[in-house]
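A.B. asks: Below is protein.csv; it holds CSV, C-alpha atoms.
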```
chain,number,residue,atom,x,y,z
O,158,MET,CA,67.0,80.2,125.0
O,159,THR,CA,66.0,79.9,121.4
O,160,SER,CA,67.3,82.8,119.2
O,161,ILE,CA,65.4,83.9,116.1
O,162,ILE,CA,66.3,86.7,113.8
O,163,GLY,CA,64.0,88.5,111.4
O,164,VAL,CA,65.5,89.9,108.2
O,165,VAL,CA,63.5,92.6,106.5
O,166,ALA,CA,64.4,93.2,102.9
O,167,GLY,CA,62.4,96.3,102.2
O,168,PRO,CA,64.0,99.2,100.4
O,169,GLU,CA,63.8,101.4,103.5
O,170,PRO,CA,63.5,100.6,107.3
O,171,GLY,CA,60.1,100.2,108.9
O,172,GLY,CA,56.8,99.8,107.0
O,173,ARG,CA,54.5,96.9,106.4
O,174,THR,CA,57.0,94.1,106.0
O,175,ALA,CA,58.8,95.1,109.2
O,176,ALA,CA,55.5,95.2,111.0
O,177,ALA,CA,54.6,91.7,109.8
O,178,VAL,CA,58.0,90.2,110.6
O,179,ALA,CA,57.9,91.8,114.1
O,180,GLY,CA,54.4,90.4,114.6
O,181,LEU,CA,55.7,86.9,113.8
O,182,LEU,CA,58.7,87.3,116.0
O,183,ALA,CA,56.5,88.5,118.9
O,184,GLY,CA,54.6,85.2,118.8
O,185,THR,CA,57.7,83.0,119.1
O,186,GLY,CA,58.4,83.5,122.8
O,187,ALA,CA,62.1,83.4,121.8
O,188,SER,CA,65.0,85.9,122.0
O,189,THR,CA,64.6,87.8,118.8
O,190,ASP,CA,66.3,90.5,116.7
O,191,LEU,CA,64.9,92.4,113.7
O,192,ILE,CA,67.5,93.2,111.1
O,193,GLU,CA,66.7,95.7,108.4
O,194,LEU,CA,68.7,94.7,105.3
O,195,SER,CA,68.6,98.3,104.0
O,196,GLN,CA,70.6,99.3,107.1
O,197,THR,CA,72.9,96.3,107.7
O,198,PRO,CA,75.9,95.0,105.7
O,199,PHE,CA,75.5,91.5,104.4
O,200,GLU,CA,78.5,90.3,106.4
O,201,LYS,CA,76.7,91.2,109.7
O,202,VAL,CA,73.5,89.4,108.4
O,203,THR,CA,75.3,86.2,107.5
O,204,ALA,CA,77.1,86.2,110.9
O,205,ALA,CA,73.7,86.6,112.5
O,206,PHE,CA,72.5,83.6,110.5
O,207,ALA,CA,75.3,81.4,112.0
O,208,ASP,CA,74.3,82.4,115.6
O,209,ALA,CA,70.5,82.1,115.2
O,210,ASP,CA,68.4,79.0,115.7
O,211,ALA,CA,65.9,80.2,113.1
O,212,VAL,CA,65.4,83.0,110.6
O,213,VAL,CA,62.4,84.8,109.4
O,214,PHE,CA,62.8,86.2,105.8
O,215,GLY,CA,60.6,89.2,105.1
O,216,SER,CA,60.2,91.0,101.8
O,217,PRO,CA,57.7,93.1,100.0
O,218,VAL,CA,56.8,91.5,96.6
O,219,TYR,CA,57.8,93.4,93.5
O,220,ARG,CA,57.2,92.0,90.1
O,221,ALA,CA,55.9,88.8,91.5
O,222,GLY,CA,59.0,88.0,93.6
O,223,HIS,CA,61.0,89.0,96.6
O,224,THR,CA,63.3,92.0,96.5
O,225,ALA,CA,66.6,92.2,94.7
O,226,SER,CA,68.3,93.0,98.0
O,227,LEU,CA,67.1,89.7,99.5
O,228,LYS,CA,68.2,87.8,96.4
O,229,ALA,CA,71.6,89.4,96.6
O,230,LEU,CA,71.9,88.5,100.3
O,231,LEU,CA,71.1,84.9,99.5
O,232,GLU,CA,73.6,84.8,96.7
O,233,ALA,CA,76.2,86.2,99.1
O,234,THR,CA,75.4,83.5,101.7
O,235,GLU,CA,77.7,80.4,101.6
O,236,ARG,CA,76.1,77.0,101.7
O,237,GLY,CA,79.2,74.8,102.2
O,238,LYS,CA,79.5,73.7,98.6
O,239,TRP,CA,82.3,74.0,96.0
O,240,GLY,CA,85.0,75.3,98.4
O,241,GLU,CA,82.8,77.5,100.6
O,242,LYS,CA,83.8,77.1,104.2
O,243,THR,CA,80.5,77.9,105.9
O,244,ALA,CA,76.8,77.0,105.6
O,245,PRO,CA,75.1,79.3,108.2
O,246,LEU,CA,71.6,78.5,107.1
O,247,GLN,CA,71.9,74.7,106.7
O,248,GLY,CA,69.9,72.9,109.3
O,249,LYS,CA,68.0,75.9,110.5
O,250,ALA,CA,64.3,76.5,110.7
O,251,ALA,CA,62.8,79.5,108.8
O,252,ALA,CA,59.6,81.3,108.0
O,253,VAL,CA,58.8,83.4,105.0
O,254,VAL,CA,56.8,86.6,105.3
O,255,LEU,CA,55.9,88.5,102.2
O,256,THR,CA,53.8,91.6,101.7
O,257,GLY,CA,52.1,93.1,98.7
O,258,ALA,CA,49.6,95.6,97.5
O,259,SER,CA,47.0,93.0,96.7
O,260,GLY,CA,46.4,89.3,97.2
O,261,HIS,CA,47.5,88.6,93.6
O,262,HIS,CA,51.1,87.9,94.5
O,263,PHE,CA,50.7,85.4,97.3
O,264,LEU,CA,52.3,82.6,95.2
O,265,ALA,CA,55.7,84.5,95.5
O,266,VAL,CA,56.0,82.7,98.9
O,267,ASP,CA,56.6,79.4,97.0
O,268,GLY,CA,59.6,80.7,95.1
O,269,LEU,CA,61.4,81.9,98.2
O,270,ARG,CA,60.5,78.8,100.2
O,271,SER,CA,61.8,76.6,97.4
O,272,VAL,CA,65.2,78.5,97.3
O,273,LEU,CA,65.6,78.2,101.0
O,274,ALA,CA,64.6,74.5,101.2
O,275,GLY,CA,66.4,73.2,98.1
O,276,PHE,CA,69.4,75.5,97.8
O,277,PHE,CA,70.2,76.0,101.5
O,278,ALA,CA,68.7,72.9,103.2
O,279,VAL,CA,66.5,75.0,105.5
O,280,GLN,CA,63.4,73.6,107.1
O,281,VAL,CA,60.8,76.1,106.0
O,282,LEU,CA,57.5,76.6,107.8
O,283,SER,CA,54.6,76.1,105.5
O,284,PRO,CA,52.4,77.7,104.2
O,285,GLY,CA,54.2,81.0,104.6
O,286,LEU,CA,52.7,84.3,105.6
O,287,TYR,CA,51.5,86.8,103.0
O,288,LEU,CA,49.7,90.0,103.9
O,289,ASP,CA,48.3,92.6,101.5
O,290,HIS,CA,47.3,96.2,102.4
O,291,SER,CA,44.0,95.0,103.9
O,292,GLY,CA,46.0,93.4,106.8
O,293,TYR,CA,47.1,96.7,108.2
O,294,VAL,CA,45.5,99.6,110.1
O,295,ASP,CA,48.3,101.9,108.8
O,296,ARG,CA,51.8,101.5,107.4
O,297,ASN,CA,53.2,100.2,110.7
O,298,THR,CA,50.3,98.5,112.4
O,299,LEU,CA,48.7,95.1,111.7
O,300,THR,CA,45.0,94.6,112.1
O,301,PRO,CA,44.0,92.5,115.1
O,302,GLU,CA,43.3,89.6,112.7
O,303,SER,CA,46.7,89.9,111.0
O,304,ALA,CA,48.5,90.3,114.3
O,305,GLU,CA,47.0,87.0,115.5
O,306,LEU,CA,47.8,85.3,112.3
O,307,ALA,CA,51.4,86.5,112.5
O,308,ALA,CA,51.7,85.4,116.1
O,309,ALA,CA,50.3,81.9,115.2
O,310,HIS,CA,53.0,81.6,112.6
O,311,GLY,CA,55.5,82.7,115.3
O,312,ARG,CA,54.3,79.9,117.6
O,313,ALA,CA,54.5,77.4,114.8
O,314,LEU,CA,58.1,78.6,113.9
O,315,ALA,CA,59.1,78.1,117.6
O,316,ASP,CA,57.7,74.5,117.4
O,317,LEU,CA,59.5,73.8,114.1
O,318,THR,CA,62.7,75.3,115.6
O,319,THR,CA,62.5,72.9,118.6
O,320,ALA,CA,61.9,70.0,116.2
O,321,VAL,CA,64.8,70.8,114.0
O,322,ARG,CA,67.2,71.4,116.9
O,323,SER,CA,66.3,68.0,118.4
O,324,SER,CA,66.7,66.1,115.2
O,325,GLU,CA,70.3,65.3,113.9
O,326,ALA,CA,68.8,64.2,110.6
O,327,LEU,CA,67.0,67.6,110.0
O,328,ARG,CA,70.1,69.5,111.1
O,329,THR,CA,72.6,67.6,108.9
O,330,ILE,CA,70.6,67.2,105.7
O,331,THR,CA,72.5,69.0,102.9
O,332,PRO,CA,71.3,71.1,99.9
O,333,VAL,CA,70.0,69.5,96.8
O,334,VAL,CA,73.1,70.4,94.7
```
I'd like the structure from this file rewritten - as structure tokens, please.

C.D. replies:
Amino acid sequence: MTSIIGVVAGPEPGGRTAAAVAGLLAGTGASTDLIELSQTPFEKVTAAFADADAVVFGSPVYRAGHTASLKALLEATERGKWGEKTAPLQGKAAAVVLTGASGHHFLAVDGLRSVLAGFFAVQVLSPGLYLDHSGYVDRNTLTPESAELAAAHGRALADLTTAVRSSEALRTITPVV
């Protein structure tokens, strides 16, 4: 069975980003695990990357970008270059889920997608999922419309994961530099 992990890079467990990532994971039909970066050491997260078929990266948007904790995790993740022994993200499928107070920060999705695709050779689902406060009933509950949108992204990630797993070319392409 396909294994997909969701990494939530919020400053504390739970909340809007975790709800959005969980909604996407629920739509995949895969075996899933939600990892809260605020509660999990980087070593455990990178080990989970190696075992997963796909990864969902979730982060609130602060100052027009993903959180410092997600940036630190990505900087601590090897990519098989310059003496590194592993590349746990290379050849994986991924989705980006970002949340913000308003619709003004939706372009932050592009920055994270670019890092994942170029720096790690991850096949990233486009266009990414961005939800602002209007997409929630409360801090932990998506509106029905947002829940369906998240589930649709989950179904698309499952399809992308199948395509990547069945293509040697997609699995073996290497990072830009």

A.B. asks: Name the residues in contact with Ala313 of chain O at a cut-off of 10 Å, using all atoms listed in the file, excluding same-chain residues fewer than 3 positions from it; report them as a VMD selection string.

C.D. replies: chain O and resid 181 184 to 185 252 282 to 283 307 to 310 316 to 319

A.B. asks: Include C-alpha atoms and write out the residues we just selected as a PDB file, keeping the file's coordinate frame.

C.D. replies:
```pdb
ATOM      1  CA  LEU O 181      55.700  86.900 113.800  1.00  0.00           C
ATOM      2  CA  GLY O 184      54.600  85.200 118.800  1.00  0.00           C
ATOM      3  CA  THR O 185      57.700  83.000 119.100  1.00  0.00           C
ATOM      4  CA  ALA O 252      59.600  81.300 108.000  1.00  0.00           C
ATOM      5  CA  LEU O 282      57.500  76.600 107.800  1.00  0.00           C
ATOM      6  CA  SER O 283      54.600  76.100 105.500  1.00  0.00           C
ATOM      7  CA  ALA O 307      51.400  86.500 112.500  1.00  0.00           C
ATOM      8  CA  ALA O 308      51.700  85.400 116.100  1.00  0.00           C
ATOM      9  CA  ALA O 309      50.300  81.900 115.200  1.00  0.00           C
ATOM     10  CA  HIS O 310      53.000  81.600 112.600  1.00  0.00           C
ATOM     11  CA  ASP O 316      57.700  74.500 117.400  1.00  0.00           C
ATOM     12  CA  LEU O 317      59.500  73.800 114.100  1.00  0.00           C
ATOM     13  CA  THR O 318      62.700  75.300 115.600  1.00  0.00           C
ATOM     14  CA  THR O 319      62.500  72.900 118.600  1.00  0.00           C
TER      15      THR O 319
END
```

A.B. asks: Name the closest residue to Leu255 of chain O among the candidates O:Lys242, O:Arg270, O:Lys201, O:His223; distances are taken between atoms, counting all atoms listed in the file.

C.D. replies: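 When distances to Leu255 of chain O are compared using all atoms listed in the file, the smallest one comes from O:His223.
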
A.B. asks: So how far away is atom CA of Leu191 of chain O from atom CA of Phe263 of chain O, in Å?

C.D. replies: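 Those two atoms sit 22.8 Å apart.
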
A.B. asks: Smallest atom-to-atom distance to Leu314 of chain O: which of O:Val281, O:Val334, O:Ala176, O:Ala244, using all atoms listed in the file?

C.D. replies: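 Smallest distance to Leu314 of chain O is found for O:Val281.
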
A.B. asks: Given the choices O:Ser271, O:Thr224, O:Ser195, O:Thr256, which gets closest to Leu288 of chain O if the distance is worked out from only C-alpha atoms?

C.D. replies: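 Closest to Leu288 of chain O of all the choices is O:Thr256.
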
A.B. asks: Need the shell around Pro284 of chain O: protein/DNA/RNA residues with any atom at most 9 Å away, counting only C-alpha atoms. Skip same-chain ones fewer than 6 positions apart. Format as an mmCIF file with C-alpha atoms, in the frame of the given file?

C.D. replies:
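out.cif, written as the output of this step:
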```
data_model
loop_
_atom_site.group_PDB
_atom_site.id
_atom_site.type_symbol
_atom_site.label_atom_id
_atom_site.label_comp_id
_atom_site.auth_asym_id
_atom_site.auth_seq_id
_atom_site.Cartn_x
_atom_site.Cartn_y
_atom_site.Cartn_z
ATOM 1 C CA ALA O 252 59.600 81.300 108.000
ATOM 2 C CA VAL O 253 58.800 83.400 105.000
ATOM 3 C CA VAL O 266 56.000 82.700 98.900
ATOM 4 C CA ASP O 267 56.600 79.400 97.000
#
```

A.B. asks: Just want the 12 Å neighbourhood of Lys238 of chain O, counted on only C-alpha atoms, with same-chain residues fewer than 6 positions away dropped. Output as a list of chain:residue names.

C.D. replies: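 Returned residues: O:Ala244, O:Pro245, O:Gln247, O:Phe276, O:Phe277, O:Ala278, O:Thr331, O:Pro332, O:Val333, O:Val334.
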
A.B. asks: Counting all atoms listed in the file, which residue out of O:Thr203, O:Ser259, O:Arg296, O:Gln280 sits closest to Pro170 of chain O?

C.D. replies: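 Between O:Thr203, O:Ser259, O:Arg296, O:Gln280, the residue approaching Pro170 of chain O most closely is O:Arg296.
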
A.B. asks: Using all atoms listed in the file, which of O:Glu232, O:Glu325, O:Asp295, O:Glu169 sits nearest Ile192 of chain O?

C.D. replies: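 So, comparing all the options, the nearest one is O:Glu169.
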
A.B. asks: Would you work out the distance separating atom CA of Ile162 of chain O from atom CA of Trp239 of chain O, expressed in Å to one decimal?

C.D. replies: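 Going from atom CA of Ile162 of chain O over to atom CA of Trp239 of chain O, I get 27.1 Å.
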
A.B. asks: Using only C-alpha atoms, which residues sit within 9 Å of Leu227 of chain O once same-chain residues fewer than 5 positions away are excluded, as a ChimeraX atom specification?

C.D. replies: /O:164-167,194,214-216,232

A.B. asks: What would the file look like if the residues just selected were written as an mmCIF file, keeping the file's coordinate frame with C-alpha atoms?

C.D. replies:
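What ended up in result-v8.cif:
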```cif
data_model
loop_
_atom_site.group_PDB
_atom_site.id
_atom_site.type_symbol
_atom_site.label_atom_id
_atom_site.label_comp_id
_atom_site.auth_asym_id
_atom_site.auth_seq_id
_atom_site.Cartn_x
_atom_site.Cartn_y
_atom_site.Cartn_z
ATOM 1 C CA VAL O 164 65.500 89.900 108.200
ATOM 2 C CA VAL O 165 63.500 92.600 106.500
ATOM 3 C CA ALA O 166 64.400 93.200 102.900
ATOM 4 C CA GLY O 167 62.400 96.300 102.200
ATOM 5 C CA LEU O 194 68.700 94.700 105.300
ATOM 6 C CA PHE O 214 62.800 86.200 105.800
ATOM 7 C CA GLY O 215 60.600 89.200 105.100
ATOM 8 C CA SER O 216 60.200 91.000 101.800
ATOM 9 C CA GLU O 232 73.600 84.800 96.700
#
```

A.B. asks: Separation of atom CA of Leu299 of chain O and atom CA of Ala179 of chain O, in Å?

C.D. replies: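 For atom CA of Leu299 of chain O relative to atom CA of Ala179 of chain O, the distance reads 10.1 Å.
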
A.B. asks: May I ask which of the residues O:Thr329, O:Gly163, O:Gly257, O:Tyr287 is the closest one to Arg220 of chain O, counting all atoms listed in the file?

C.D. replies: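 Counting all atoms listed in the file, the residue closest to Arg220 of chain O is O:Gly257.
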